[in-house]
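Structure file protein_15.txt (compact mmCIF, C-alpha atoms and all ligand atoms) follows.
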# COMPACT_ATOMS: atom_id res chain seq x y z
CA MET A 1 1.36 -21.30 -21.03
CA THR A 2 -2.28 -21.60 -21.87
CA GLN A 3 -3.84 -18.43 -23.16
CA VAL A 4 -6.16 -16.85 -20.59
CA ALA A 5 -9.17 -14.67 -21.17
CA SER A 6 -8.76 -10.94 -20.91
CA GLY A 7 -8.22 -9.42 -17.50
CA ARG A 8 -7.67 -5.88 -16.33
CA ILE A 9 -4.28 -4.45 -15.38
CA GLY A 10 -3.74 -1.66 -12.84
CA LEU A 11 -0.57 0.30 -12.18
CA ALA A 12 0.38 -0.02 -8.50
CA PRO A 13 0.74 3.08 -6.34
CA MET A 14 4.37 3.67 -5.39
CA GLU A 15 5.25 6.50 -3.06
CA GLY A 16 8.05 8.66 -4.45
CA VAL A 17 7.94 6.83 -7.79
CA ILE A 18 4.54 6.75 -9.46
CA ASP A 19 3.77 10.44 -9.84
CA VAL A 20 1.84 12.29 -12.52
CA VAL A 21 4.73 12.00 -14.98
CA THR A 22 5.32 8.25 -14.58
CA ARG A 23 1.56 7.65 -14.70
CA GLU A 24 1.39 9.47 -17.99
CA LEU A 25 4.45 7.79 -19.52
CA LEU A 26 3.57 4.26 -18.42
CA SER A 27 -0.05 4.56 -19.50
CA ALA A 28 0.72 6.18 -22.85
CA ASP A 29 0.30 3.00 -24.90
CA GLY A 30 -3.22 2.43 -23.54
CA ALA A 31 -2.44 -1.02 -22.09
CA LEU A 32 -3.14 -0.13 -18.47
CA ASP A 33 -6.75 -0.08 -17.28
CA TRP A 34 -6.23 2.20 -14.30
CA THR A 35 -3.55 3.89 -12.23
CA VAL A 36 -3.42 5.03 -8.59
CA THR A 37 -1.83 8.12 -7.07
CA GLU A 38 0.76 8.23 -4.33
CA PHE A 39 -1.06 8.32 -1.01
CA VAL A 40 -2.60 11.45 0.44
CA ARG A 41 -1.92 11.19 4.17
CA VAL A 42 -4.97 11.95 6.31
CA VAL A 43 -4.59 12.55 10.04
CA ASP A 44 -7.54 14.37 11.59
CA THR A 45 -8.26 17.38 9.41
CA ARG A 46 -9.87 18.12 6.09
CA LEU A 47 -6.98 18.78 3.75
CA PRO A 48 -6.89 21.80 1.46
CA ALA A 49 -7.56 21.37 -2.25
CA ARG A 50 -3.94 22.05 -3.12
CA VAL A 51 -2.81 18.85 -1.35
CA PHE A 52 -5.12 16.75 -3.51
CA LEU A 53 -4.12 18.60 -6.65
CA ARG A 54 -0.44 18.17 -5.89
CA HIS A 55 -0.84 14.40 -5.58
CA CYS A 56 -3.30 14.14 -8.42
CA PRO A 57 -3.09 16.92 -11.02
CA GLU A 58 -5.35 14.71 -13.16
CA LEU A 59 -8.26 15.87 -10.95
CA GLU A 60 -8.36 18.87 -13.23
CA THR A 61 -9.07 16.75 -16.30
CA ALA A 62 -12.67 16.00 -17.20
CA ALA A 63 -12.48 12.29 -16.40
CA CYS A 64 -9.67 12.30 -13.81
CA ALA A 65 -7.52 10.39 -16.27
CA THR A 66 -4.04 10.45 -17.79
CA ALA A 67 -3.49 11.96 -21.24
CA SER A 68 -4.16 8.54 -22.79
CA GLY A 69 -7.53 8.38 -21.00
CA THR A 70 -6.45 5.88 -18.31
CA PRO A 71 -8.43 6.49 -15.08
CA VAL A 72 -6.50 7.72 -12.06
CA HIS A 73 -7.76 6.63 -8.63
CA LEU A 74 -6.94 8.81 -5.65
CA GLN A 75 -5.28 6.98 -2.76
CA LEU A 76 -5.85 7.93 0.88
CA LEU A 77 -3.87 6.66 3.84
CA GLY A 78 -4.96 7.04 7.45
CA SER A 79 -6.84 5.42 10.30
CA ASP A 80 -9.44 7.97 11.42
CA PRO A 81 -12.74 6.92 9.79
CA GLU A 82 -14.42 10.35 9.98
CA ALA A 83 -11.39 12.23 8.69
CA LEU A 84 -10.93 9.75 5.85
CA ALA A 85 -14.60 10.02 4.93
CA ALA A 86 -14.49 13.83 4.97
CA ASN A 87 -11.39 13.86 2.77
CA ALA A 88 -12.85 11.30 0.40
CA VAL A 89 -15.86 13.61 -0.03
CA ARG A 90 -13.55 16.53 -0.69
CA ALA A 91 -11.61 14.48 -3.24
CA GLN A 92 -14.86 13.67 -5.01
CA ALA A 93 -15.83 17.35 -5.05
CA LEU A 94 -12.48 18.10 -6.68
CA GLY A 95 -13.06 15.54 -9.42
CA ALA A 96 -12.00 12.12 -8.07
CA ARG A 97 -13.89 9.25 -9.69
CA GLN A 98 -12.65 6.52 -7.37
CA VAL A 99 -10.96 6.56 -3.97
CA ASP A 100 -8.55 3.84 -2.87
CA LEU A 101 -7.61 3.11 0.75
CA ASN A 102 -4.08 2.02 1.61
CA PHE A 103 -3.80 -0.76 4.21
CA GLY A 104 -0.43 -1.98 2.99
CA CYS A 105 2.19 0.67 3.61
CA PRO A 106 5.03 -0.91 5.64
CA ALA A 107 6.89 2.33 6.48
CA LYS A 108 7.78 2.51 10.17
CA THR A 109 6.81 6.16 10.53
CA VAL A 110 3.43 5.53 8.90
CA ASN A 111 2.78 2.40 11.01
CA ARG A 112 3.86 4.16 14.20
CA HIS A 113 1.20 6.76 13.48
CA ASP A 114 -1.35 4.02 13.01
CA GLY A 115 -1.61 4.07 9.24
CA GLY A 116 -1.08 1.68 6.34
CA ALA A 117 -0.42 -1.95 7.26
CA SER A 118 -0.76 -1.35 11.01
CA LEU A 119 -4.57 -1.52 10.70
CA LEU A 120 -4.29 -5.12 9.48
CA ARG A 121 -3.66 -6.17 13.08
CA GLN A 122 -7.32 -5.42 13.79
CA PRO A 123 -9.59 -6.40 10.91
CA GLU A 124 -12.56 -4.66 12.52
CA ARG A 125 -10.74 -1.37 12.07
CA VAL A 126 -10.31 -2.09 8.37
CA HIS A 127 -14.06 -2.63 8.25
CA THR A 128 -14.85 0.60 10.12
CA VAL A 129 -12.62 2.72 7.91
CA VAL A 130 -13.87 1.24 4.63
CA ARG A 131 -17.48 1.52 5.75
CA ALA A 132 -17.14 5.16 6.77
CA VAL A 133 -15.68 6.08 3.39
CA ALA A 134 -18.08 3.87 1.42
CA GLU A 135 -21.10 5.41 3.16
CA ALA A 136 -19.83 8.93 2.58
CA LEU A 137 -19.17 8.28 -1.11
CA ALA A 138 -22.22 6.18 -1.99
CA PRO A 139 -24.64 9.15 -2.28
CA LEU A 140 -22.06 10.87 -4.50
CA GLY A 141 -21.99 7.92 -6.87
CA ILE A 142 -18.33 6.97 -6.59
CA ALA A 143 -16.74 3.83 -5.24
CA VAL A 144 -14.11 3.14 -2.62
CA THR A 145 -11.59 0.34 -3.10
CA ALA A 146 -8.93 -1.06 -0.78
CA LYS A 147 -5.41 -2.45 -0.98
CA ILE A 148 -4.07 -4.78 1.69
CA ARG A 149 -1.12 -7.05 2.44
CA LEU A 150 -1.64 -10.57 3.81
CA GLY A 151 -1.22 -9.33 7.37
CA PHE A 152 1.15 -7.42 9.60
CA ASP A 153 3.36 -10.05 11.23
CA ASP A 154 1.74 -13.20 9.91
CA LYS A 155 -1.06 -14.32 7.66
CA HIS A 156 -3.62 -15.45 10.20
CA VAL A 157 -5.67 -12.29 9.69
CA ALA A 158 -5.47 -12.27 5.89
CA LEU A 159 -8.95 -13.64 5.27
CA ALA A 160 -10.50 -11.60 8.09
CA CYS A 161 -9.00 -8.37 6.70
CA ALA A 162 -10.18 -9.15 3.19
CA GLU A 163 -13.68 -9.92 4.44
CA ALA A 164 -13.62 -6.75 6.53
CA ALA A 165 -12.88 -4.69 3.43
CA GLU A 166 -15.66 -6.39 1.51
CA SER A 167 -18.27 -6.07 4.25
CA GLY A 168 -17.25 -2.43 4.70
CA GLY A 169 -18.25 -1.79 1.10
CA ALA A 170 -15.05 -1.92 -0.96
CA ALA A 171 -15.82 -2.23 -4.66
CA HIS A 172 -12.63 -4.19 -5.24
CA LEU A 173 -9.70 -5.41 -3.19
CA VAL A 174 -6.06 -5.42 -4.27
CA VAL A 175 -3.95 -7.95 -2.38
CA HIS A 176 -0.19 -7.57 -2.24
CA ALA A 177 0.71 -11.17 -1.52
CA ARG A 178 3.05 -10.63 1.41
CA THR A 179 2.79 -9.60 5.03
CA ARG A 180 4.23 -6.36 6.26
CA ARG A 181 7.00 -8.35 7.97
CA GLU A 182 7.91 -9.95 4.65
CA GLY A 183 8.54 -6.50 3.19
CA TYR A 184 9.34 -6.99 -0.48
CA ARG A 185 11.19 -10.30 -0.12
CA PRO A 186 10.24 -12.92 -2.67
CA PRO A 187 8.25 -15.01 -3.01
CA ALA A 188 4.86 -13.36 -3.30
CA HIS A 189 2.30 -15.87 -2.02
CA TRP A 190 -0.12 -15.85 -4.93
CA GLU A 191 -1.85 -18.97 -3.60
CA TRP A 192 -2.91 -16.92 -0.57
CA ILE A 193 -4.62 -14.46 -2.87
CA GLY A 194 -6.43 -17.51 -4.24
CA ARG A 195 -7.82 -18.28 -0.80
CA ILE A 196 -9.08 -14.74 -0.48
CA GLN A 197 -10.46 -14.72 -3.99
CA ALA A 198 -12.40 -17.91 -3.28
CA ARG A 199 -13.97 -16.34 -0.19
CA LEU A 200 -14.98 -12.90 -1.55
CA SER A 201 -17.65 -11.83 -4.00
CA ILE A 202 -16.05 -8.52 -5.02
CA PRO A 203 -13.23 -8.55 -7.61
CA VAL A 204 -9.88 -9.42 -6.02
CA ILE A 205 -6.80 -8.10 -7.78
CA ALA A 206 -3.52 -9.99 -7.55
CA ASN A 207 -0.39 -7.99 -6.82
CA GLY A 208 3.26 -8.73 -6.06
CA ASP A 209 6.28 -9.88 -8.06
CA ILE A 210 4.75 -9.94 -11.50
CA TRP A 211 7.81 -9.11 -13.57
CA THR A 212 7.20 -11.07 -16.76
CA LEU A 213 4.45 -12.61 -18.86
CA GLU A 214 5.27 -15.97 -17.27
CA ASP A 215 4.83 -14.46 -13.79
CA TYR A 216 1.52 -13.00 -14.91
CA TRP A 217 0.34 -16.39 -16.02
CA LYS A 218 1.46 -18.06 -12.78
CA ALA A 219 -0.07 -15.33 -10.63
CA ARG A 220 -3.39 -15.66 -12.40
CA THR A 221 -3.34 -19.43 -12.25
CA LEU A 222 -2.44 -19.62 -8.55
CA SER A 223 -4.68 -16.76 -7.44
CA GLY A 224 -7.65 -17.47 -9.68
CA CYS A 225 -7.90 -13.69 -10.18
CA ALA A 226 -8.78 -12.19 -13.54
CA ASP A 227 -7.20 -8.84 -12.74
CA VAL A 228 -3.68 -7.93 -11.64
CA MET A 229 -1.81 -4.87 -10.47
CA LEU A 230 1.77 -4.27 -11.65
CA GLY A 231 4.29 -2.21 -9.68
CA ARG A 232 8.03 -2.56 -10.02
CA GLY A 233 7.57 -4.83 -13.03
CA MET A 234 6.30 -1.84 -15.04
CA LEU A 235 9.43 0.13 -14.19
CA ALA A 236 11.65 -2.84 -15.06
CA ASP A 237 9.82 -3.39 -18.34
CA PRO A 238 7.61 -0.48 -19.42
CA TRP A 239 6.09 -2.74 -22.08
CA LEU A 240 4.91 -5.33 -19.55
CA ALA A 241 1.23 -4.34 -19.59
CA ARG A 242 1.25 -4.18 -23.38
CA ARG A 243 3.03 -7.55 -23.53
CA ILE A 244 0.28 -9.08 -21.39
CA LYS A 245 -2.55 -7.47 -23.37
CA HIS A 246 -1.00 -8.59 -26.64
CA TRP A 247 -0.75 -12.14 -25.39
CA GLN A 248 -4.33 -12.10 -24.08
CA ARG A 249 -5.51 -10.88 -27.42
CA HIS A 250 -3.35 -12.75 -29.90
CA GLY A 251 -1.87 -15.64 -27.92
CA GLU A 252 1.63 -14.65 -29.02
CA MET A 253 4.59 -13.11 -27.26
CA LEU A 254 5.99 -9.72 -28.10
CA PRO A 255 9.78 -9.55 -28.48
CA ALA A 256 11.82 -8.31 -25.51
CA THR A 257 11.55 -4.58 -24.93
CA PRO A 258 14.53 -3.07 -26.78
CA TRP A 259 17.00 -0.80 -25.03
CA SER A 260 15.97 2.04 -27.38
CA ALA A 261 12.44 1.97 -25.92
CA ARG A 262 13.76 1.92 -22.36
CA ALA A 263 16.14 4.80 -23.11
CA GLU A 264 13.32 6.72 -24.73
CA ILE A 265 11.11 6.57 -21.67
CA LEU A 266 14.01 7.63 -19.43
CA HIS A 267 14.74 10.59 -21.72
CA ALA A 268 11.07 11.59 -21.72
CA TYR A 269 10.95 11.28 -17.94
CA ALA A 270 14.07 13.46 -17.54
CA GLN A 271 12.68 16.11 -19.83
CA ARG A 272 9.39 16.29 -17.92
CA MET A 273 10.94 16.21 -14.46
CA ARG A 274 13.56 18.81 -15.33
CA ALA A 275 10.75 21.33 -15.79
CA HIS A 276 10.23 21.48 -12.03
CA LEU A 277 13.13 19.73 -10.29
CA PRO A 278 16.85 20.52 -9.93
CA GLU A 279 19.18 18.63 -12.24
CA LYS A 280 20.78 16.55 -9.48
CA VAL A 281 17.42 15.33 -8.24
CA VAL A 282 16.47 14.32 -11.77
CA VAL A 283 19.70 12.35 -12.09
CA SER A 284 19.01 10.45 -8.89
CA LEU A 285 15.44 9.70 -10.01
CA LEU A 286 16.79 8.39 -13.31
CA LYS A 287 19.23 6.17 -11.44
CA GLN A 288 16.35 4.87 -9.32
CA TRP A 289 14.40 3.89 -12.45
CA LEU A 290 17.42 2.43 -14.26
CA ASN A 291 18.16 0.45 -11.11
CA GLN A 292 14.74 -1.21 -11.43
CA MET A 293 15.49 -2.06 -15.08
CA ARG A 294 18.95 -3.50 -14.57
CA GLY A 295 17.95 -6.67 -12.69
CA ARG A 296 16.17 -8.04 -15.71
CA HIS A 297 17.94 -6.54 -18.71
CA GLU A 298 21.60 -6.91 -19.61
CA GLU A 299 21.96 -3.65 -21.49
CA ALA A 300 20.26 -1.77 -18.63
CA ALA A 301 22.68 -3.42 -16.17
CA ARG A 302 25.65 -2.41 -18.33
CA ARG A 303 24.43 1.20 -18.61
CA PHE A 304 23.68 1.38 -14.91
CA ALA A 305 27.22 0.23 -14.05
CA ALA A 306 28.66 2.81 -16.44
CA LEU A 307 26.44 5.68 -15.25
CA ARG A 308 26.01 5.15 -11.55
CA ARG A 309 28.61 7.75 -10.58
CA ARG A 310 27.57 10.42 -13.05
CA THR A 311 26.00 13.48 -11.49
CA GLU A 312 25.50 15.81 -14.48
CA LEU A 313 22.18 15.36 -16.25
CA ALA A 314 23.49 15.96 -19.78
CA ASP A 315 26.28 13.50 -19.15
CA PHE A 316 23.87 10.90 -17.79
CA LEU A 317 21.47 11.29 -20.71
CA ALA A 318 24.31 11.03 -23.21
CA GLY A 319 25.29 7.77 -21.53
CA LEU A 320 21.81 6.37 -22.15
CA GLY A 321 22.42 6.73 -25.86
CA PRO A 322 20.70 8.80 -28.49
CA MET A 323 17.03 9.37 -28.08
CA THR A 324 16.00 7.10 -30.92
CA PRO A 325 12.26 7.44 -31.31
CA ALA A 326 10.81 4.00 -30.64
CA THR A 327 7.32 5.31 -31.28
CA ASP A 328 6.99 3.35 -34.51
CA THR A 329 7.53 0.14 -32.53
CA GLN A 330 5.08 1.19 -29.81
CA PRO A 331 1.59 0.65 -31.13
CA ARG A 332 -1.19 1.88 -28.92
CA VAL A 333 -3.46 -0.76 -27.47
CA ASP A 334 -7.15 0.02 -27.51
CA ALA A 335 -9.56 -1.00 -24.77
CA SER A 336 -10.11 -4.43 -26.30
CA GLY A 337 -6.36 -5.07 -26.39
CA GLU A 338 -6.31 -4.59 -30.15
CA ARG A 339 -3.59 -2.48 -31.72
CA ALA A 340 -4.96 0.90 -32.70
C1 LIG B 1 8.85 2.45 -3.61
C2 LIG B 1 7.51 1.86 -3.34
C3 LIG B 1 6.49 2.67 -2.89
C4 LIG B 1 5.22 2.13 -2.61
N1 LIG B 1 4.20 2.96 -2.22
C5 LIG B 1 2.94 2.46 -2.03
C6 LIG B 1 1.84 3.30 -1.71
O1 LIG B 1 1.96 4.52 -1.61
N2 LIG B 1 0.63 2.74 -1.53
C7 LIG B 1 0.42 1.37 -1.63
O2 LIG B 1 -0.69 0.92 -1.45
N3 LIG B 1 1.45 0.57 -1.96
C8 LIG B 1 2.69 1.07 -2.16
N4 LIG B 1 3.71 0.25 -2.54
C9 LIG B 1 3.44 -1.19 -2.76
C10 LIG B 1 3.12 -1.43 -4.24
O3 LIG B 1 1.92 -0.80 -4.60
C11 LIG B 1 3.00 -2.94 -4.53
O4 LIG B 1 1.97 -3.46 -3.70
C12 LIG B 1 4.29 -3.70 -4.25
O5 LIG B 1 5.40 -3.03 -4.82
C13 LIG B 1 4.22 -5.13 -4.81
O6 LIG B 1 3.99 -5.10 -6.19
P1 LIG B 1 5.18 -5.28 -7.28
O7 LIG B 1 5.96 -6.51 -6.88
O8 LIG B 1 4.47 -5.41 -8.58
O9 LIG B 1 6.05 -4.07 -7.18
C14 LIG B 1 4.99 0.74 -2.79
C15 LIG B 1 6.03 -0.06 -3.26
C16 LIG B 1 7.29 0.46 -3.54
C17 LIG B 1 8.38 -0.44 -4.06

Mind converting the file's structure to structure tokens?
Amino acid sequence: MTQVASGRIGLAPMEGVIDVVTRELLSADGALDWTVTEFVRVVDTRLPARVFLRHCPELETAACATASGTPVHLQLLGSDPEALAANAVRAQALGARQVDLNFGCPAKTVNRHDGGASLLRQPERVHTVVRAVAEALAPLGIAVTAKIRLGFDDKHVALACAEAAESGGAAHLVVHARTRREGYRPPAHWEWIGRIQARLSIPVIANGDIWTLEDYWKARTLSGCADVMLGRGMLADPWLARRIKHWQRHGEMLPATPWSARAEILHAYAQRMRAHLPEKVVVSLLKQWLNQMRGRHEEAARRFAALRRRTELADFLAGLGPMTPATDTQPRVDASGERA
């Protein structure tokens, strides 16, 4: 792998997974450049403040950022241009510094109600929605960005959708390198992001199946993008962003993320979630996270097999092992990628 110049790293929005707690935990080392909320679903009304605050408690911080200072962008999902614009304005009034539009959600219920990836079937609708929000936000001094897949059923609209987002006024475009029909099945078509990147003038951000440093390098090489967005890879390896930043900066690889660090983040997550969720729900959320880790880490796979039937939280946490503080092995990364 040839060392590549620095590039930004975003944390992908993941409904039901990337909430305020995971945003805070995964951004704690300072290696992520931005995060995105779960989507706020807009139909045809202006939503009350509490809906925005529930999805994005960080609105109440001075810079709409996580505790480590990582910006949080507020994601909207919908298809009604006026309603999206009105809600984007409300989000800004509540403290949002950037609004992101979701054109990638594959969920049947969302698509049936004309949201998420369903708009990719008509690129002109992507344009209309982005333009309405961009025009509403421009006088307020904040940007709108967009996230798309390569199409709904096939890729013939990929370039048209990307261009529609750009001409509508998106400040950047994240491309998840699969169609809606392809779901989450590998491979991610990073070379398709390259075609889009070559056509657009705004920053294009490569997303999909970046699980390791090697994947990062391949995705950047094939897409030609400087910036990437990491989703499941950050759950599988919470040090992934730091690993990439360290390599960008020093041209050397960090050792594999030890089990102690993985267990520590799961313990911290449980402790935070337990404050507002029933024990059984916390256990199933922990299983969901450990399930993402197990595919790429032997010890995680072993623990998952041993713990999958446990239902008591204390029992489950005991099975993760002692909460050995891995903080001394987790240097913070400053904005330049240097250890702080
Ligand atoms: C459980 C789950 C929920 C997701 N929710 C959203 C969402 O709310 N908005 C969105 O734009 N993408 C959503 N995505 C897509 C991710 O942001 C990302 O594009 C996709 O997972 C590919 O990246 P990855 O391979 O790095 O995970 C979701 C993905 C998963 C697995």

Would you mind listing the residues within 7 Å of ligand LIG 1 (chain B), counting all atoms listed in the file, as number ranges by chain?
A: 12-17, 38-39, 102-105, 147, 176, 184, 207-210, 229-233

Scan for residues within 9 Å of the point (-11.0, -1.5, 8.1) in the coordinates of the file, using only C-alpha atoms, and reply as number ranges by chain.
A: 79, 81, 103, 119-120, 122-131, 161, 164-165, 168

Using C-alpha atoms, can you write the selected residues to a file as a PDB file, in the frame of the given file?
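The result, stored in part_34.pdb:
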ATOM      1  CA  SER A  79      -6.840   5.420  10.300  1.00  0.00           C
ATOM      2  CA  PRO A  81     -12.740   6.920   9.790  1.00  0.00           C
ATOM      3  CA  PHE A 103      -3.800  -0.760   4.210  1.00  0.00           C
ATOM      4  CA  LEU A 119      -4.570  -1.520  10.700  1.00  0.00           C
ATOM      5  CA  LEU A 120      -4.290  -5.120   9.480  1.00  0.00           C
ATOM      6  CA  GLN A 122      -7.320  -5.420  13.790  1.00  0.00           C
ATOM      7  CA  PRO A 123      -9.590  -6.400  10.910  1.00  0.00           C
ATOM      8  CA  GLU A 124     -12.560  -4.660  12.520  1.00  0.00           C
ATOM      9  CA  ARG A 125     -10.740  -1.370  12.070  1.00  0.00           C
ATOM     10  CA  VAL A 126     -10.310  -2.090   8.370  1.00  0.00           C
ATOM     11  CA  HIS A 127     -14.060  -2.630   8.250  1.00  0.00           C
ATOM     12  CA  THR A 128     -14.850   0.600  10.120  1.00  0.00           C
ATOM     13  CA  VAL A 129     -12.620   2.720   7.910  1.00  0.00           C
ATOM     14  CA  VAL A 130     -13.870   1.240   4.630  1.00  0.00           C
ATOM     15  CA  ARG A 131     -17.480   1.520   5.750  1.00  0.00           C
ATOM     16  CA  CYS A 161      -9.000  -8.370   6.700  1.00  0.00           C
ATOM     17  CA  ALA A 164     -13.620  -6.750   6.530  1.00  0.00           C
ATOM     18  CA  ALA A 165     -12.880  -4.690   3.430  1.00  0.00           C
ATOM     19  CA  GLY A 168     -17.250  -2.430   4.700  1.00  0.00           C
TER      20      GLY A 168
END

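Using all atoms listed in the file, the nearest neighbour of A:Arg220 within the list A:Val204, A:Val144, A:Ala117, A:Val281 is A:Val204.
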
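For the pair atom CA of A:Arg274 and atom CA of A:Lys287, the interatomic distance is 14.4 Å.
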
Excluding same-chain residues fewer than 2 positions from A:Ala162, what lies within 9 Å of it counting all atoms listed in the file, as a PyMOL selection string?
chain A and resi 123+126+148+150+157-160+164-167+173+175+196+199-200

Near A:Gln248, counting only C-alpha atoms, which residues have an atom at most 6 Å away, once you skip same-chain residues fewer than 3 positions from it, shown as a count of residues only?
3

Neighbours of stretch 288-296 of chain A within 12 Å (only C-alpha atoms; same-chain residues fewer than 2 positions away dropped), as a ChimeraX atom specification?
/A:16-18,22,211-212,231-240,256-259,261-263,265-267,269-270,281-286,298-308,316-317,319-320

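Distances here use all atoms listed in the file; by that measure, the residue among A:Ala85, A:Ala170, A:Asp153, A:Asp227 closest to A:Gly10 is A:Asp227.
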
Counting only C-alpha atoms, closest pick from A:Ala88, A:Val99, A:Leu277, A:Ile9 relative to A:Thr37 is A:Val99

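Reported to one decimal place, the separation of atom CA of A:Arg121 from atom CA of A:Val228 is 24.8 Å.
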
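Of the listed residues (A:Ser118, A:Val20, A:Leu94, A:Ala143), A:Ala143 comes nearest to A:His172; the distances count only C-alpha atoms.
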
Please measure the separation of atom CA of A:Pro186 and atom CA of A:Glu214, giving the value in Å to one decimal.
15.7 Å

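When all atoms listed in the file are used to measure the gap to A:Ala134, the shortest distance among A:Leu84, A:Ala93, A:Leu53, A:Ala318 belongs to A:Leu84.
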
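The nearest approach to A:His73 among the residues A:Thr145, A:Val42, A:Ile193, A:Pro139, with only C-alpha atoms taken into account, belongs to A:Thr145.
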
Distance cut-off 6 Å, centre (-6.9, 11.0, -10.0) in file coordinates, counting all atoms listed in the file: which residues qualify? Return them as a ChimeraX atom specification.
/A:56,58-59,64,72-74,96

Dump C-alpha atoms for the selected residues as a PDB file, in the coordinates of the input?
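What ended up in again_26.pdb:
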ATOM      1  CA  CYS A  56      -3.300  14.140  -8.420  1.00  0.00           C
ATOM      2  CA  GLU A  58      -5.350  14.710 -13.160  1.00  0.00           C
ATOM      3  CA  LEU A  59      -8.260  15.870 -10.950  1.00  0.00           C
ATOM      4  CA  CYS A  64      -9.670  12.300 -13.810  1.00  0.00           C
ATOM      5  CA  VAL A  72      -6.500   7.720 -12.060  1.00  0.00           C
ATOM      6  CA  HIS A  73      -7.760   6.630  -8.630  1.00  0.00           C
ATOM      7  CA  LEU A  74      -6.940   8.810  -5.650  1.00  0.00           C
ATOM      8  CA  ALA A  96     -12.000  12.120  -8.070  1.00  0.00           C
TER       9      ALA A  96
END

Excluding same-chain residues fewer than 5 positions from A:Ile142, what lies within 6 Å of it counting only C-alpha atoms, as a PyMOL selection string?
chain A and resi 97-98+137
